[in-house]
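Report on the structure given below.
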Amino acid sequence: MPLVKSLQGHGTGWCTAGESTAKTQLEGGDFYVFYSLDPQGQPIVPRAAIRMQENNIAEVRGIGPDQNLDPYIGKVVQDKMAEFPDGNLYEKKSQDMQRLTALENKIKKNQELTRNELRFLYEIDATIQGFGYKTDPRIAELRGLRDPNADAPIAFDCEPVQIAWGQDEVKENTKAYIGPLFPNIFQKLKHMEYIYTKFPEGKIARSTIEIGGKTKAELEQEMTKQNIKVSDYAKFMLDSKDFVTAKKPDPADLVQLKVGDLGFSNTPTTDEIYRKIQELGLELCPAEVGPHYRLAYAD
């Protein structure tokens, strides 16, 4: 009840302000709250929270939009998380929020951004991670103040003419493609580092992982060893007779697409999506890609 009462009436949006939720969360582990001073100098204004599940950090919440940390509390929370065994897993989130705040200050002062800062803002190398349950809204706000078409050549480290805005503009010296997908695009542009349907939100994520060489039992054993949770739905798929694994290891080139990338003018059926995928020269992943992919990205 002291925890509940300390959070109520402050507009944090944290579900912990409810008695039943607070009880459940405290039964799972410790709950750290940071308070700021009110106008009378009393430390009663909630600013950030770290919820533990046994000895691990379960979540971190702030009072920024969508429960992200506000720009001024990040260092305090970062120092606290360093005390926990898994605190390093949250290091990137903390660093990303600090970089985003620094970027916000530069843009407000109309200062020029470096190539690395643009790559960070447009999430070219990695997704910007925050502590909220949604993407930090400052990312969209700051991008809205920029001209992405002018920023793209700087971020890609190329000349404007080296960006193709459609299939007909692809040349031998093209470094980036931004435009609609076309048949066999991923074979024809396999050498190209940057492929977007729209910049920056239409980035096509590609990766290569090794699959095969492990049985279903071995895959399950590895996931258990790394404390990876497997939902009932995923377990049902693993137990299916259609789940088979290749005997020999082999690289699998993966392309991650959204339905919106496929260029439909209407809401497509599943069959229409599959046909479009085939037109692009792709095929659905073998079932074993799922656990192999999860193990490849264990963090």
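Going through the structure tokens in order, the chains are called A, B, and so on, while each chain numbers its residues from 1 and the ligands are numbered from 1 in the order shown.
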
- request: Could you tell me, as a VMD selection string, which residues of stretch 142-251 of chain A DSSP assigns to strand (DSSP E or B) when given the backbone?
  value: chain A and resid 163 to 164 176 to 178 194 to 196 203 205 to 211 250 to 251

Using C-alpha atoms, can you write the selected residues to a file as a PDB file, in the first residue's frame?
ATOM      1  CA  ILE A 163      20.560   6.757 -55.009  1.00  0.00           C
ATOM      2  CA  ALA A 164      18.047   5.065 -57.336  1.00  0.00           C
ATOM      3  CA  ALA A 176      21.157   2.761 -52.403  1.00  0.00           C
ATOM      4  CA  TYR A 177      17.683   1.963 -53.705  1.00  0.00           C
ATOM      5  CA  ILE A 178      14.546   3.761 -52.486  1.00  0.00           C
ATOM      6  CA  TYR A 194      20.647  -0.168 -48.614  1.00  0.00           C
ATOM      7  CA  ILE A 195      17.203  -1.107 -49.944  1.00  0.00           C
ATOM      8  CA  TYR A 196      14.129   0.878 -48.888  1.00  0.00           C
ATOM      9  CA  LYS A 203      13.902  -0.141 -44.644  1.00  0.00           C
ATOM     10  CA  ALA A 205      15.938  -5.790 -43.168  1.00  0.00           C
ATOM     11  CA  ARG A 206      18.137  -8.592 -44.512  1.00  0.00           C
ATOM     12  CA  SER A 207      20.308 -11.044 -42.635  1.00  0.00           C
ATOM     13  CA  THR A 208      22.017 -14.407 -43.021  1.00  0.00           C
ATOM     14  CA  ILE A 209      21.957 -17.145 -40.403  1.00  0.00           C
ATOM     15  CA  GLU A 210      23.050 -20.769 -40.424  1.00  0.00           C
ATOM     16  CA  ILE A 211      20.319 -23.392 -40.193  1.00  0.00           C
ATOM     17  CA  ASP A 250      23.533 -24.314 -44.533  1.00  0.00           C
ATOM     18  CA  PRO A 251      23.300 -20.499 -44.700  1.00  0.00           C
TER      19      PRO A 251
END

Identify all residues of stretch 171-293 of chain A in helix (DSSP H, G or I) (DSSP on the backbone) and supply them as a ChimeraX atom specification. /A:185-188,216-225,232-238,259-262,270-279,289-293

Which residues, written as a JSON list (two decimals) with N, CA and C atoms, in the first residue's frame, have at least one atom at most 12 Å from A:Arg47, with only C-alpha atoms counted and residues fewer than 3 positions away on the same chain left out?
[["chain", "number", "residue", "atom", "x", "y", "z"],
["A", 6, "SER", "N", 2.04, 6.03, -3.06],
["A", 6, "SER", "CA", 3.08, 6.96, -3.51],
["A", 6, "SER", "C", 2.98, 7.26, -5.00],
["A", 7, "LEU", "N", 2.27, 6.41, -5.74],
["A", 7, "LEU", "CA", 2.16, 6.58, -7.19],
["A", 7, "LEU", "C", 0.85, 7.22, -7.62],
["A", 10, "HIS", "N", -0.32, 11.08, -9.53],
["A", 10, "HIS", "CA", 0.81, 11.75, -10.17],
["A", 10, "HIS", "C", 0.81, 11.58, -11.70],
["A", 11, "GLY", "N", -0.15, 10.85, -12.24],
["A", 11, "GLY", "CA", -0.26, 10.72, -13.70],
["A", 11, "GLY", "C", 0.87, 9.98, -14.37],
["A", 12, "THR", "N", 1.46, 9.02, -13.67],
["A", 12, "THR", "CA", 2.57, 8.27, -14.28],
["A", 12, "THR", "C", 2.10, 7.35, -15.39],
["A", 13, "GLY", "N", 0.85, 6.85, -15.27],
["A", 13, "GLY", "CA", 0.36, 5.86, -16.22],
["A", 13, "GLY", "C", 0.82, 4.46, -15.90],
["A", 14, "TRP", "N", 1.58, 4.29, -14.81],
["A", 14, "TRP", "CA", 2.10, 2.96, -14.45],
["A", 14, "TRP", "C", 0.95, 2.12, -13.86],
["A", 32, "TYR", "N", 11.96, -0.77, -7.49],
["A", 32, "TYR", "CA", 12.69, 0.46, -7.14],
["A", 32, "TYR", "C", 11.99, 1.66, -7.78],
["A", 33, "VAL", "N", 11.74, 2.69, -6.99],
["A", 33, "VAL", "CA", 11.14, 3.92, -7.50],
["A", 33, "VAL", "C", 12.03, 5.10, -7.15],
["A", 34, "PHE", "N", 12.24, 5.98, -8.12],
["A", 34, "PHE", "CA", 12.99, 7.21, -7.90],
["A", 34, "PHE", "C", 12.00, 8.38, -7.84],
["A", 35, "TYR", "N", 12.13, 9.21, -6.82],
["A", 35, "TYR", "CA", 11.22, 10.34, -6.62],
["A", 35, "TYR", "C", 12.00, 11.66, -6.71],
["A", 36, "SER", "N", 11.34, 12.66, -7.29],
["A", 36, "SER", "CA", 11.89, 14.02, -7.29],
["A", 36, "SER", "C", 11.21, 14.84, -6.21],
["A", 37, "LEU", "N", 11.79, 15.99, -5.92],
["A", 37, "LEU", "CA", 11.25, 16.87, -4.89],
["A", 37, "LEU", "C", 10.04, 17.64, -5.41],
["A", 38, "ASP", "N", 9.04, 17.80, -4.56],
["A", 38, "ASP", "CA", 7.91, 18.66, -4.90],
["A", 38, "ASP", "C", 8.27, 20.11, -4.53],
["A", 43, "PRO", "N", 10.46, 14.56, -1.29],
["A", 43, "PRO", "CA", 10.72, 13.61, -2.39],
["A", 43, "PRO", "C", 9.52, 12.69, -2.62],
["A", 44, "ILE", "N", 8.47, 13.23, -3.26],
["A", 44, "ILE", "CA", 7.24, 12.44, -3.43],
["A", 44, "ILE", "C", 6.74, 12.39, -4.87],
["A", 50, "ILE", "N", 12.14, 0.76, -11.61],
["A", 50, "ILE", "CA", 12.78, -0.48, -12.08],
["A", 50, "ILE", "C", 12.07, -1.63, -11.38],
["A", 60, "VAL", "N", 11.75, -1.28, -17.11],
["A", 60, "VAL", "CA", 12.10, 0.05, -16.61],
["A", 60, "VAL", "C", 11.09, 1.03, -17.19],
["A", 61, "ARG", "N", 10.54, 1.89, -16.35],
["A", 61, "ARG", "CA", 9.51, 2.82, -16.80],
["A", 61, "ARG", "C", 9.82, 4.23, -16.32],
["A", 62, "GLY", "N", 9.46, 5.21, -17.15],
["A", 62, "GLY", "CA", 9.62, 6.61, -16.78],
["A", 62, "GLY", "C", 8.30, 7.35, -16.92],
["A", 63, "ILE", "N", 8.38, 8.68, -16.84],
["A", 63, "ILE", "CA", 7.16, 9.49, -16.95],
["A", 63, "ILE", "C", 7.11, 10.26, -18.26],
["A", 64, "GLY", "N", 8.03, 9.91, -19.20],
["A", 64, "GLY", "CA", 7.98, 10.50, -20.53],
["A", 64, "GLY", "C", 6.84, 9.90, -21.33],
["A", 67, "GLN", "N", 5.61, 6.12, -21.34],
["A", 67, "GLN", "CA", 6.37, 5.61, -20.20],
["A", 67, "GLN", "C", 7.87, 5.48, -20.46],
["A", 68, "ASN", "N", 8.38, 6.22, -21.44],
["A", 68, "ASN", "CA", 9.82, 6.28, -21.62],
["A", 68, "ASN", "C", 10.42, 7.15, -20.52],
["A", 69, "LEU", "N", 11.73, 6.98, -20.28],
["A", 69, "LEU", "CA", 12.41, 7.85, -19.32],
["A", 69, "LEU", "C", 12.48, 9.26, -19.87],
["A", 70, "ASP", "N", 12.28, 10.25, -19.02],
["A", 70, "ASP", "CA", 12.46, 11.63, -19.47],
["A", 70, "ASP", "C", 13.96, 11.90, -19.59],
["A", 71, "PRO", "N", 14.35, 12.93, -20.34],
["A", 71, "PRO", "CA", 15.78, 13.13, -20.66],
["A", 71, "PRO", "C", 16.67, 13.36, -19.45],
["A", 72, "TYR", "N", 16.13, 13.74, -18.29],
["A", 72, "TYR", "CA", 16.97, 14.19, -17.20],
["A", 72, "TYR", "C", 17.23, 13.11, -16.14],
["A", 73, "ILE", "N", 16.53, 11.98, -16.24],
["A", 73, "ILE", "CA", 16.65, 10.95, -15.21],
["A", 73, "ILE", "C", 17.49, 9.76, -15.67],
["A", 74, "GLY", "N", 17.83, 9.75, -16.96],
["A", 74, "GLY", "CA", 18.50, 8.59, -17.54],
["A", 74, "GLY", "C", 19.78, 8.17, -16.83],
["A", 76, "VAL", "N", 20.73, 8.67, -13.77],
["A", 76, "VAL", "CA", 20.44, 8.12, -12.44],
["A", 76, "VAL", "C", 20.03, 6.66, -12.54],
["A", 77, "VAL", "N", 19.13, 6.37, -13.50],
["A", 77, "VAL", "CA", 18.65, 4.99, -13.67],
["A", 77, "VAL", "C", 19.78, 4.10, -14.18]]

Using only C-alpha atoms, the residue out of A:Gly132, A:Pro286, A:Gly260, A:Gly9 with shortest distance to A:Ala246 is A:Pro286

Restricting to only C-alpha atoms, whichever of A:Leu142, A:Ala287, A:Leu257, A:Met192 is closest to A:Ala234 is A:Ala287

Point out the residue among A:Arg275, A:Lys5, A:Lys214, A:Lys171 with the least atom-to-atom distance to A:Lys248, counting only C-alpha atoms.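 Closest candidate: A:Lys214.
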
| message | Given only C-alpha atoms as the basis, pick out the residue of A:Lys93, A:Lys276, A:Lys108, A:Arg115 nearest to A:Gln129. | response |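 Among the listed residues, the smallest separation from A:Gln129 belongs to A:Lys93.
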
Open item on the list: Just to confirm, what's the straight-line distance from atom CA of A:Ala155 to atom CA of A:Glu193 in Å (one decimal)?
Closed with: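 It comes out at 12.4 Å.
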